[in-house]
file query.tsv (TSV, C-alpha atoms)
chain	number	residue	atom	x	y	z
W	79	MET	CA	0.38	9.34	41.16
W	80	ASN	CA	-3.30	9.04	40.32
W	81	CYS	CA	-5.04	7.11	37.51
W	82	ALA	CA	-5.35	10.15	35.21
W	83	GLU	CA	-1.62	10.87	35.43
W	84	PHE	CA	-0.80	7.22	34.87
W	85	GLN	CA	-3.12	6.81	31.89
W	86	LYS	CA	-1.77	9.98	30.25
W	87	ASP	CA	1.55	8.16	29.75
W	88	LEU	CA	0.09	4.77	28.86
W	89	PRO	CA	1.69	4.36	25.39
W	90	GLU	CA	5.18	4.83	26.85
W	91	ILE	CA	4.37	2.62	29.85
W	92	ILE	CA	3.15	-0.22	27.63
W	93	GLU	CA	6.11	0.11	25.30
W	94	GLY	CA	8.87	0.65	27.80
W	95	GLY	CA	7.58	-0.62	31.13
W	96	GLY	CA	7.34	2.79	32.80
W	97	THR	CA	9.15	4.57	35.63
W	98	ALA	CA	9.41	3.27	39.19
W	99	GLU	CA	6.53	5.54	40.23
W	100	GLN	CA	4.35	4.31	37.37
W	101	LYS	CA	5.20	0.69	38.20
W	102	GLN	CA	4.22	1.33	41.79
W	103	HIS	CA	0.87	2.75	40.71
W	104	LEU	CA	0.32	-0.20	38.38
W	105	ALA	CA	0.96	-2.65	41.21
W	106	SER	CA	-1.45	-0.89	43.54
W	107	CYS	CA	-4.29	0.08	41.16
W	108	PRO	CA	-6.47	-2.76	39.85
W	109	VAL	CA	-8.26	-0.48	37.32
W	110	CYS	CA	-5.04	0.59	35.62
W	111	ALA	CA	-3.63	-2.93	35.88
W	112	ASP	CA	-6.70	-4.30	34.06
W	113	LEU	CA	-6.42	-1.62	31.40
W	114	VAL	CA	-2.74	-2.33	30.73
W	115	GLN	CA	-3.38	-6.05	30.64
W	116	ASP	CA	-6.27	-5.61	28.19
W	117	LEU	CA	-4.23	-3.45	25.83
W	118	LYS	CA	-1.35	-5.91	25.88
W	119	TYR	CA	-3.79	-8.75	25.31
W	120	ILE	CA	-5.31	-7.02	22.27
W	121	ALA	CA	-1.84	-6.47	20.77
W	122	GLU	CA	-0.92	-10.12	21.40
W	123	GLN	CA	-4.14	-11.42	19.82
W	124	ALA	CA	-3.65	-9.18	16.79
W	125	LYS	CA	-0.27	-10.79	16.14
W	126	LEU	CA	-1.99	-14.17	15.96
W	127	LEU	CA	-4.34	-13.11	13.18
W	128	VAL	CA	-3.42	-15.01	10.06
W	129	PRO	CA	-4.64	-14.48	6.51
W	130	MET	CA	-7.76	-16.63	6.21
W	131	GLU	CA	-9.47	-15.71	2.98
W	132	ASP	CA	-8.46	-16.03	-0.65
W	133	PRO	CA	-9.53	-13.32	-3.07
W	134	SER	CA	-12.25	-14.26	-5.51
W	135	PRO	CA	-11.13	-15.72	-8.88
W	136	ARG	CA	-12.34	-12.41	-10.36
W	137	VAL	CA	-9.10	-10.85	-9.12
W	138	TRP	CA	-6.82	-13.07	-11.20
W	139	ASP	CA	-9.15	-12.75	-14.20
W	140	GLY	CA	-8.92	-8.97	-13.83
W	141	ILE	CA	-5.11	-9.08	-13.63
W	142	GLU	CA	-4.82	-11.24	-16.73
W	143	ARG	CA	-7.36	-9.15	-18.65
W	144	SER	CA	-5.68	-5.91	-17.70
W	145	LEU	CA	-2.20	-7.15	-18.67
W	146	LYS	CA	-3.58	-8.42	-21.99
W	147	GLN	CA	-5.31	-5.10	-22.66
W	148	ASP	CA	-2.07	-3.29	-21.89
W	149	GLY	CA	-0.17	-5.60	-24.20
W	150	LEU	CA	2.03	-6.88	-21.37
W	151	TRP	CA	0.84	-10.49	-21.25
W	152	PRO	CA	2.76	-12.86	-23.55
W	153	ALA	CA	0.50	-14.36	-26.21
W	154	HIS	CA	1.36	-17.97	-25.26
W	155	GLY	CA	1.77	-17.59	-21.51
W	156	GLY	CA	5.27	-18.97	-21.10
W	157	PRO	CA	8.67	-17.31	-21.37
W	158	VAL	CA	8.85	-15.36	-24.60
W	159	ASN	CA	12.52	-14.72	-24.60
W	160	PRO	CA	15.31	-16.21	-22.50
W	161	ARG	CA	17.16	-12.88	-22.34
W	162	PRO	CA	17.13	-11.09	-18.97
W	163	PHE	CA	14.25	-8.63	-18.94
W	164	LEU	CA	16.37	-5.69	-17.93
W	165	VAL	CA	19.10	-6.06	-20.53
W	166	PRO	CA	17.33	-6.72	-23.81
W	167	GLN	CA	18.86	-6.35	-27.25
W	168	ARG	CA	17.47	-3.13	-28.67
W	169	SER	CA	15.20	-3.11	-31.66
W	170	ARG	CA	14.77	-0.12	-33.92
W	171	LEU	CA	11.77	0.91	-31.85
W	172	ALA	CA	13.24	0.39	-28.41
W	173	TRP	CA	15.98	2.98	-28.44
W	174	PRO	CA	13.85	5.97	-29.46
W	175	MET	CA	11.16	4.80	-27.07
W	176	MET	CA	13.59	4.43	-24.18
W	177	ALA	CA	15.17	7.77	-24.98
W	178	ALA	CA	11.74	9.35	-25.03
W	179	VAL	CA	10.86	7.85	-21.68
W	180	ALA	CA	14.19	9.01	-20.26
W	181	VAL	CA	13.48	12.50	-21.55
W	182	ILE	CA	10.11	12.44	-19.83
W	183	VAL	CA	11.71	11.46	-16.55
W	184	LEU	CA	14.36	14.15	-16.88
W	185	ALA	CA	11.72	16.65	-17.88
W	186	VAL	CA	9.52	15.74	-14.94
W	187	PHE	CA	12.40	16.05	-12.52
W	188	ALA	CA	13.56	19.25	-14.20
W	189	GLY	CA	10.05	20.57	-13.92
W	190	PHE	CA	9.84	19.84	-10.25
W	191	TYR	CA	13.35	21.14	-9.64
W	192	SER	CA	12.44	24.34	-11.41
W	193	ARG	CA	9.11	24.63	-9.61
W	194	ASN	CA	10.65	23.99	-6.21
W	195	ASN	CA	13.54	26.38	-6.69
W	196	SER	CA	12.18	29.32	-8.62
W	197	GLY	CA	8.45	28.97	-8.32
W	198	ALA	CA	8.16	28.87	-12.08
W	199	GLY	CA	6.17	25.98	-13.51
W	200	TYR	CA	7.55	23.53	-16.00
W	201	THR	CA	5.73	22.78	-19.22
W	202	MET	CA	6.42	20.27	-21.95
W	203	SER	CA	4.11	21.76	-24.52
W	204	ASN	CA	6.92	22.33	-27.02
W	205	SER	CA	8.54	18.96	-26.54
W	206	PRO	CA	9.59	17.58	-29.94
W	207	ILE	CA	9.39	13.97	-28.82
W	208	VAL	CA	5.63	13.62	-28.49
W	209	SER	CA	4.21	11.77	-31.44
W	210	SER	CA	0.55	12.22	-30.59
W	211	ALA	CA	-1.48	13.91	-27.90
W	212	GLY	CA	-2.26	11.61	-24.99
W	213	VAL	CA	-5.79	11.48	-23.67
W	214	LEU	CA	-6.33	11.84	-19.95
W	215	GLU	CA	-8.15	8.94	-18.35
W	216	PRO	CA	-10.72	9.55	-15.56
W	217	ASP	CA	-8.12	8.76	-12.86
W	218	ASP	CA	-5.66	11.15	-14.51
W	219	GLN	CA	-8.29	13.87	-14.61
W	220	GLN	CA	-9.00	13.34	-10.92
W	221	LEU	CA	-5.28	13.55	-10.15
W	222	VAL	CA	-4.92	16.75	-12.16
W	223	ARG	CA	-7.93	18.28	-10.40
W	224	SER	CA	-6.42	17.34	-7.06
W	225	VAL	CA	-2.94	18.74	-7.72
W	226	SER	CA	-4.44	21.86	-9.27
W	227	THR	CA	-5.63	22.84	-5.81
W	228	ARG	CA	-1.93	23.43	-5.06
W	229	GLY	CA	-1.67	25.89	-7.90
W	230	ALA	CA	-2.61	26.21	-11.55
W	231	THR	CA	1.00	25.82	-12.70
W	232	THR	CA	1.38	22.55	-10.82
W	233	GLY	CA	-1.85	21.22	-12.28
W	234	ASP	CA	-0.82	22.27	-15.77
W	235	SER	CA	2.56	20.62	-15.37
W	236	TYR	CA	1.02	17.32	-14.26
W	237	ARG	CA	-1.61	17.47	-17.02
W	238	LYS	CA	0.99	17.91	-19.75
W	239	ASN	CA	3.27	15.22	-18.35
W	240	LEU	CA	0.36	12.80	-18.08
W	241	GLU	CA	-0.68	13.58	-21.65
W	242	ASN	CA	2.85	12.88	-22.82
W	243	VAL	CA	3.22	9.63	-20.97
W	244	ASN	CA	-0.22	8.49	-22.15
W	245	ALA	CA	0.83	9.24	-25.71
W	246	TYR	CA	3.88	6.99	-25.28
W	247	ILE	CA	1.78	4.26	-23.74
W	248	ALA	CA	-0.63	4.45	-26.68
W	249	ASP	CA	2.22	4.29	-29.20
W	250	ALA	CA	3.92	1.41	-27.41
W	251	LYS	CA	0.62	-0.48	-27.16
W	252	LYS	CA	0.08	-0.20	-30.89
W	253	TRP	CA	3.57	-1.56	-31.51
W	254	VAL	CA	3.03	-4.45	-29.09
W	255	GLU	CA	-0.29	-5.29	-30.76
W	256	ALA	CA	1.40	-5.33	-34.14
W	257	HIS	CA	4.40	-7.33	-32.85
W	258	PRO	CA	3.18	-9.45	-29.91
W	259	ASP	CA	6.46	-11.39	-29.64
W	260	ASP	CA	8.73	-8.34	-29.57
W	261	GLU	CA	10.14	-8.32	-26.05
W	262	ASP	CA	11.73	-4.90	-26.52
W	263	ALA	CA	8.41	-3.33	-27.40
W	264	ARG	CA	6.85	-4.93	-24.35
W	265	GLU	CA	9.65	-3.67	-22.15
W	266	ALA	CA	9.26	-0.16	-23.55
W	267	LEU	CA	5.55	-0.33	-22.78
W	268	LEU	CA	6.30	-1.57	-19.28
W	269	GLN	CA	8.66	1.32	-18.71
W	270	ALA	CA	6.14	3.83	-20.01
W	271	TYR	CA	3.68	2.50	-17.43
W	272	GLN	CA	6.37	2.81	-14.78
W	273	GLN	CA	6.84	6.48	-15.70
W	274	LYS	CA	3.12	7.04	-15.28
W	275	GLN	CA	3.26	5.30	-11.91
W	276	LEU	CA	6.14	7.59	-10.97
W	277	LEU	CA	4.02	10.65	-11.80
W	278	TYR	CA	1.26	9.37	-9.54
W	279	GLU	CA	3.72	8.65	-6.74
W	280	MET	CA	5.24	12.12	-7.06
W	281	ALA	CA	1.80	13.71	-6.94
W	282	THR	CA	0.79	11.91	-3.77
W	283	GLN	CA	4.19	12.37	-2.11
W	284	ASP	CA	4.08	16.09	-2.91
W	285	TRP	CA	0.69	16.19	-1.34
W	286	GLN	CA	2.05	14.93	1.99
K	140	MET	CA	10.42	-22.03	5.35
K	141	THR	CA	12.96	-19.99	3.47
K	142	GLN	CA	12.23	-18.24	0.21
K	143	ALA	CA	14.51	-20.51	-1.80
K	144	LYS	CA	12.86	-23.69	-0.54
K	145	LYS	CA	9.25	-22.84	-1.28
K	146	ILE	CA	8.11	-25.24	-3.97
K	147	LEU	CA	5.40	-23.99	-6.27
K	148	ALA	CA	3.08	-25.72	-8.70
K	149	GLY	CA	5.21	-27.18	-11.49
K	150	GLY	CA	7.96	-28.17	-9.04
K	151	ILE	CA	9.95	-24.93	-9.22
K	152	THR	CA	11.15	-22.96	-6.20
K	153	GLU	CA	9.94	-19.46	-5.44
K	154	ALA	CA	13.38	-18.07	-6.30
K	155	GLU	CA	13.22	-19.75	-9.72
K	156	ALA	CA	9.70	-18.45	-10.27
K	157	ILE	CA	10.88	-14.90	-9.45
K	158	ASP	CA	13.75	-15.18	-11.93
K	159	ARG	CA	11.45	-16.51	-14.64
K	160	ALA	CA	8.78	-13.87	-13.93
K	161	LYS	CA	11.47	-11.21	-14.28
K	162	ARG	CA	12.04	-12.54	-17.79
K	163	GLY	CA	8.34	-12.22	-18.54
K	164	ASP	CA	7.27	-15.83	-17.87
K	165	ALA	CA	3.53	-15.54	-17.32
K	166	SER	CA	3.04	-18.97	-15.75
K	167	SER	CA	5.72	-18.22	-13.12
K	168	PHE	CA	4.03	-14.93	-12.37
K	169	GLU	CA	0.76	-16.82	-11.95
K	170	ALA	CA	2.50	-19.22	-9.54
K	171	LEU	CA	3.76	-16.26	-7.49
K	172	TYR	CA	0.23	-14.89	-7.45
K	173	GLY	CA	-1.02	-18.23	-6.12
K	174	LEU	CA	1.57	-18.19	-3.36
K	175	HIS	CA	1.02	-14.64	-2.16
K	176	LYS	CA	-2.58	-13.75	-3.04
K	177	ARG	CA	-4.04	-14.65	0.35
K	178	ARG	CA	-1.63	-12.53	2.36
K	179	VAL	CA	-1.88	-9.54	0.04
K	180	TYR	CA	-5.67	-9.75	-0.07
K	181	SER	CA	-5.92	-10.05	3.73
K	182	LEU	CA	-3.72	-7.00	4.15
K	183	CYS	CA	-5.87	-4.97	1.73
K	184	LEU	CA	-9.09	-6.19	3.30
K	185	ARG	CA	-7.98	-5.34	6.82
K	186	MET	CA	-6.73	-1.92	5.79
K	187	VAL	CA	-9.82	-0.82	3.85
K	188	GLY	CA	-12.49	-3.00	5.51
K	189	ASN	CA	-14.38	-3.55	2.25
K	190	THR	CA	-14.31	-6.68	0.09
K	191	ALA	CA	-14.83	-5.06	-3.31
K	192	GLU	CA	-12.23	-2.38	-2.64
K	193	ALA	CA	-9.80	-4.99	-1.26
K	194	GLU	CA	-10.16	-7.06	-4.43
K	195	ASP	CA	-9.48	-4.02	-6.62
K	196	LEU	CA	-6.42	-3.18	-4.55
K	197	THR	CA	-5.14	-6.77	-4.66
K	198	GLN	CA	-5.46	-6.64	-8.43
K	199	GLU	CA	-3.63	-3.31	-8.57
K	200	ALA	CA	-0.86	-4.61	-6.28
K	201	PHE	CA	-0.20	-7.61	-8.53
K	202	LEU	CA	-0.37	-5.47	-11.66
K	203	GLN	CA	2.31	-3.28	-10.14
K	204	LEU	CA	4.26	-6.39	-9.16
K	205	TYR	CA	4.23	-7.51	-12.80
K	206	ARG	CA	5.51	-4.11	-13.89
K	207	LYS	CA	8.13	-3.81	-11.16
K	208	ILE	CA	9.35	-7.35	-10.51
K	209	ALA	CA	12.45	-6.74	-12.63
K	210	THR	CA	13.54	-4.18	-10.03
K	211	PHE	CA	13.48	-6.77	-7.20
K	212	ARG	CA	17.13	-7.25	-6.23
K	213	GLY	CA	16.70	-9.74	-3.42
K	214	GLU	CA	17.93	-7.34	-0.75
K	215	SER	CA	14.95	-8.32	1.39
K	216	ALA	CA	12.71	-11.38	1.26
K	217	PHE	CA	10.39	-11.32	-1.74
K	218	SER	CA	7.33	-11.51	0.51
K	219	THR	CA	8.54	-8.47	2.49
K	220	TRP	CA	9.14	-6.53	-0.72
K	221	LEU	CA	5.75	-7.48	-2.17
K	222	HIS	CA	4.05	-6.69	1.10
K	223	ARG	CA	5.55	-3.22	1.18
K	224	LEU	CA	4.47	-2.70	-2.42
K	225	ALA	CA	0.90	-3.72	-1.48
K	226	VAL	CA	0.89	-1.38	1.53
K	227	ASN	CA	1.97	1.47	-0.74
K	228	VAL	CA	-0.80	0.64	-3.21
K	229	VAL	CA	-3.40	0.81	-0.41
K	230	LEU	CA	-1.96	4.03	1.02
K	231	MET	CA	-1.83	5.66	-2.39
K	232	HIS	CA	-5.44	4.64	-2.99
K	233	LEU	CA	-6.49	6.14	0.34
K	234	ARG	CA	-4.60	9.34	-0.38
K	235	LYS	CA	-6.18	9.63	-3.81
K	236	LYS	CA	-9.61	9.17	-2.28
K	237	GLY	CA	-9.03	12.00	0.15
K	238	LEU	CA	-6.70	14.09	-1.96
K	239	ASN	CA	-9.06	17.01	-2.41
K	240	GLU	CA	-10.49	17.10	1.03
K	241	VAL	CA	-8.00	16.93	3.87
K	242	SER	CA	-4.34	16.57	4.67
K	243	LEU	CA	-2.99	13.15	5.60
K	244	ASP	CA	-2.73	13.94	9.30
K	245	GLU	CA	-6.28	15.26	9.38
K	246	GLN	CA	-7.47	12.24	7.50
K	247	LEU	CA	-5.70	9.94	9.91
K	248	GLU	CA	-6.95	11.75	12.95
K	249	PRO	CA	-10.48	10.53	13.67
K	250	GLN	CA	-13.03	12.97	14.98
K	251	GLN	CA	-13.23	13.43	18.73
K	252	GLU	CA	-16.50	11.52	18.96
K	253	ASP	CA	-14.81	8.51	17.33
K	254	GLY	CA	-12.09	8.46	19.94
K	255	PRO	CA	-11.74	5.96	22.74
K	256	LYS	CA	-13.66	6.70	25.88
K	257	ARG	CA	-11.55	6.88	29.02
K	258	ASP	CA	-13.13	5.48	32.06
K	259	ILE	CA	-10.67	6.46	34.71
K	260	GLY	CA	-11.43	5.07	38.12
K	261	ALA	CA	-13.94	2.38	37.18
K	262	ARG	CA	-12.97	-1.30	37.27
K	263	ASP	CA	-13.94	-3.14	34.10
K	264	ASN	CA	-14.47	-6.69	33.07
K	265	MET	CA	-11.17	-7.84	31.68
K	266	LEU	CA	-10.89	-9.10	28.11
K	267	ALA	CA	-8.25	-11.78	28.69
K	268	GLY	CA	-9.39	-15.11	27.31
K	269	SER	CA	-12.57	-13.70	25.81
K	270	ILE	CA	-11.46	-12.54	22.35
K	271	ASP	CA	-11.83	-14.86	19.41
K	272	ARG	CA	-10.56	-14.21	15.91
K	273	VAL	CA	-13.96	-13.36	14.48
K	274	ASN	CA	-14.70	-10.79	17.20
K	275	LEU	CA	-11.32	-9.19	16.81
K	276	GLU	CA	-11.57	-9.04	12.99
K	277	ARG	CA	-15.03	-7.50	13.30
K	278	ALA	CA	-13.83	-4.94	15.84
K	279	ILE	CA	-10.86	-3.98	13.63
K	280	GLU	CA	-13.27	-3.53	10.73
K	281	SER	CA	-15.35	-1.14	12.88
K	282	LEU	CA	-12.39	1.09	13.70
K	283	PRO	CA	-12.27	4.54	12.10
K	284	PRO	CA	-9.97	4.33	9.02
K	285	GLY	CA	-7.08	6.27	10.56
K	286	TYR	CA	-6.93	4.02	13.61
K	287	ARG	CA	-7.45	0.88	11.55
K	288	ILE	CA	-4.54	1.50	9.21
K	289	ILE	CA	-2.02	2.10	11.97
K	290	PHE	CA	-3.28	-0.81	14.06
K	291	VAL	CA	-3.15	-3.23	11.12
K	292	LEU	CA	0.31	-2.09	10.06
K	293	HIS	CA	1.80	-2.24	13.56
K	294	ASP	CA	0.00	-4.91	15.55
K	295	VAL	CA	-1.13	-7.28	12.80
K	296	GLU	CA	1.54	-6.87	10.14
K	297	GLY	CA	4.44	-6.15	12.47
K	298	TYR	CA	5.78	-2.90	11.01
K	299	GLU	CA	7.78	-0.65	13.36
K	300	HIS	CA	6.70	2.91	14.10
K	301	ASN	CA	9.58	4.38	12.08
K	302	GLU	CA	8.55	2.32	9.03
K	303	ILE	CA	4.91	3.35	9.43
K	304	ALA	CA	5.88	7.00	9.82
K	305	GLU	CA	7.90	6.78	6.61
K	306	MET	CA	5.12	5.09	4.67
K	307	MET	CA	2.37	7.34	5.97
K	308	GLY	CA	4.33	10.58	5.88
K	309	CYS	CA	3.62	11.28	9.55
K	310	SER	CA	5.80	11.55	12.64
K	311	ILE	CA	6.78	8.55	14.78
K	312	GLY	CA	4.99	10.19	17.71
K	313	ASN	CA	1.84	10.47	15.63
K	314	SER	CA	2.04	6.79	14.73
K	315	LYS	CA	2.47	5.81	18.40
K	316	SER	CA	-0.37	8.02	19.52
K	317	GLN	CA	-2.73	6.69	16.81
K	318	LEU	CA	-1.86	3.12	17.73
K	319	HIS	CA	-2.65	3.74	21.38
K	320	LYS	CA	-5.99	5.34	20.51
K	321	ALA	CA	-6.76	2.44	18.19
K	322	ARG	CA	-6.11	-0.13	20.93
K	323	MET	CA	-8.24	1.86	23.38
K	324	LYS	CA	-11.06	2.05	20.85
K	325	LEU	CA	-10.75	-1.67	20.18
K	326	ARG	CA	-10.98	-2.36	23.87
K	327	ASP	CA	-14.25	-0.43	24.00
K	328	LEU	CA	-15.61	-2.28	20.99
K	329	LEU	CA	-14.61	-5.69	22.32
K	330	ARG	CA	-16.03	-5.00	25.76
K	331	LEU	CA	-19.27	-3.87	24.18
K	332	SER	CA	-19.41	-7.03	22.09
K	333	LYS	CA	-18.66	-9.13	25.18
K	334	ALA	CA	-21.43	-7.41	27.15
K	335	THR	CA	-23.90	-7.89	24.28
K	336	GLU	CA	-23.09	-11.59	24.12
K	337	LYS	CA	-23.53	-11.90	27.90
K	338	THR	CA	-27.02	-10.38	27.84
K	339	ARG	CA	-27.97	-12.66	24.96
K	340	HIS	CA	-27.14	-15.82	26.95

call {"tool": "encode", "arguments": {"input": "query.tsv", "output": "structure tokens"}}
result
Amino acid sequence: MNCAEFQKDLPEIIEGGGTAEQKQHLASCPVCADLVQDLKYIAEQAKLLVPMEDPSPRVWDGIERSLKQDGLWPAHGGPVNPRPFLVPQRSRLAWPMMAAVAVIVLAVFAGFYSRNNSGAGYTMSNSPIVSSAGVLEPDDQQLVRSVSTRGATTGDSYRKNLENVNAYIADAKKWVEAHPDDEDAREALLQAYQQKQLLYEMATQDWQ
Amino acid sequence: MTQAKKILAGGITEAEAIDRAKRGDASSFEALYGLHKRRVYSLCLRMVGNTAEAEDLTQEAFLQLYRKIATFRGESAFSTWLHRLAVNVVLMHLRKKGLNEVSLDEQLEPQQEDGPKRDIGARDNMLAGSIDRVNLERAIESLPPGYRIIFVLHDVEGYEHNEIAEMMGCSIGNSKSQLHKARMKLRDLLRLSKATEKTRH
């Protein structure tokens, strides 16, 4: 075995120790021995790297500001409601909102099921549950442009779903602003954001 | 130290802070931020190699944590769960950045000229004992993005190839091959830095 043959299989040799022939070459070749030792040394040193730096205070300020803007940060900082977050008592607003969000999720999945199985695109343009048209944010527009490269129907489907979920976010935000201590409204808003996140995740997973 | 025994500001344990944050307690969420910010920020910084971008991603990771903490069931350690969430935030950001241009594999595969140089047959100065943290951090920062991400996830953060393959949407073989190329490239960078230091003294 020569150095070229040995180095071709280096990842397996480093991971598993190598065959008898490779071990023999390693023992007799100082160049390959140095290389293997260096690579192992780099991996060992990397494991010793510990987090050293804190993020700037700007990061926390940004988190707090963003959560306040989104209506998700409790007005007085502490626990608003002792009830578990996932099993709230429903207000008059919460049930329609949750149902709407559930419909969006079903619609999104139905859309993708339909698209993946028949090639026909899903649209929500006639959905009765949308109270107002959602506006696409710059990031949304970028996402729509990106997915549109996979086909106009796909782009259209994402655009409409993003508009819908943005409309729900806008509605929920207004409700939270009007009723800052209403945990159900805040939960509905949180879930609307989660649906938007889901759309983004589906777009990037599809892209893989 | 186990998760349940970590004591945070205010004298509560991490487990208590998680429970309270699930119920929307802002001060408990802030305490969790204080406990985990350094690790999450370091991960982001090492993966993207840019302070401003790393800060934005740290912010995004904690915003997602706030929105998703109610779904944490305790099946893994909280730090592991949060870490995975942060990795996904960074990967999604990188995908979005390159969404229009190239596929993930192409994006991960550095150009040929970026690749490690093989110097078969020539004996080199060995690195053992010569790497310090600063040099290694700097060399990792200089890696092409595709190499850097795999190296950070595997060698620094301790993820297995199957986990990386799942997160990145690539094959296990691809992950192994990228890691090897990353280590080879790092070796070149570190040797170069060592040689530069030698000529300076």

call {"tool": "closest_residue", "arguments": {"input": "query.tsv", "among": "W:Ala82, W:Val254, W:Met280, W:Ala270", "to": "chain K", "atoms": "all atoms listed in the file"}}
result
W:Ala82

call {"tool": "closest_residue", "arguments": {"input": "query.tsv", "among": "W:Lys274, W:Lys252, W:His257, W:Lys101", "to": "chain K", "atoms": "all atoms listed in the file"}}
result
W:Lys274

call {"tool": "closest_residue", "arguments": {"input": "query.tsv", "among": "W:Ile92, W:Ala263, W:Ala256, W:Ala250", "to": "chain K", "atoms": "all atoms listed in the file"}}
result
W:Ile92

call {"tool": "atom_distance", "arguments": {"input": "query.tsv", "atom1": "atom CA of Leu329 of chain K", "atom2": "atom CA of Leu104 of chain W"}}
result
22.6 Å

call {"tool": "interface_residues", "arguments": {"input": "query.tsv", "of": "chain K", "to": "chain W", "cutoff": "8 Å", "atoms": "all atoms listed in the file", "output": "PyMOL selection string"}}
result
chain K and resi 159+161-166+176-178+180-182+194-195+197-199+201-202+206-207+209+231+234-235+238-239+242-243+259-263+265-267+270+272+275+294-297+308+315-316+319+322-323+325-326

call {"tool": "atom_distance", "arguments": {"input": "query.tsv", "atom1": "atom CA of Asn244 of chain W", "atom2": "atom CA of Asp262 of chain W"}}
result
18.5 Å

call {"tool": "atom_distance", "arguments": {"input": "query.tsv", "atom1": "atom CA of Leu277 of chain W", "atom2": "atom CA of Asn242 of chain W"}}
result
11.3 Å

call {"tool": "residues_around", "arguments": {"input": "query.tsv", "residues": "Asn274 of chain K", "least_positions_apart": "6", "cutoff": "10 Å", "atoms": "all atoms listed in the file", "output": "list in words"}}
result
Glu280, Leu328, Leu329, Ser332 and Lys333 of chain K

call {"tool": "write_last_selection", "arguments": {"input": "query.tsv", "atoms": "C-alpha atoms", "output": "PDB file, in the coordinates of the input"}}
result
ATOM      1  CA  GLU K 280     -13.270  -3.530  10.730  1.00  0.00           C
ATOM      2  CA  LEU K 328     -15.610  -2.280  20.990  1.00  0.00           C
ATOM      3  CA  LEU K 329     -14.610  -5.690  22.320  1.00  0.00           C
ATOM      4  CA  SER K 332     -19.410  -7.030  22.090  1.00  0.00           C
ATOM      5  CA  LYS K 333     -18.660  -9.130  25.180  1.00  0.00           C
TER       6      LYS K 333
END
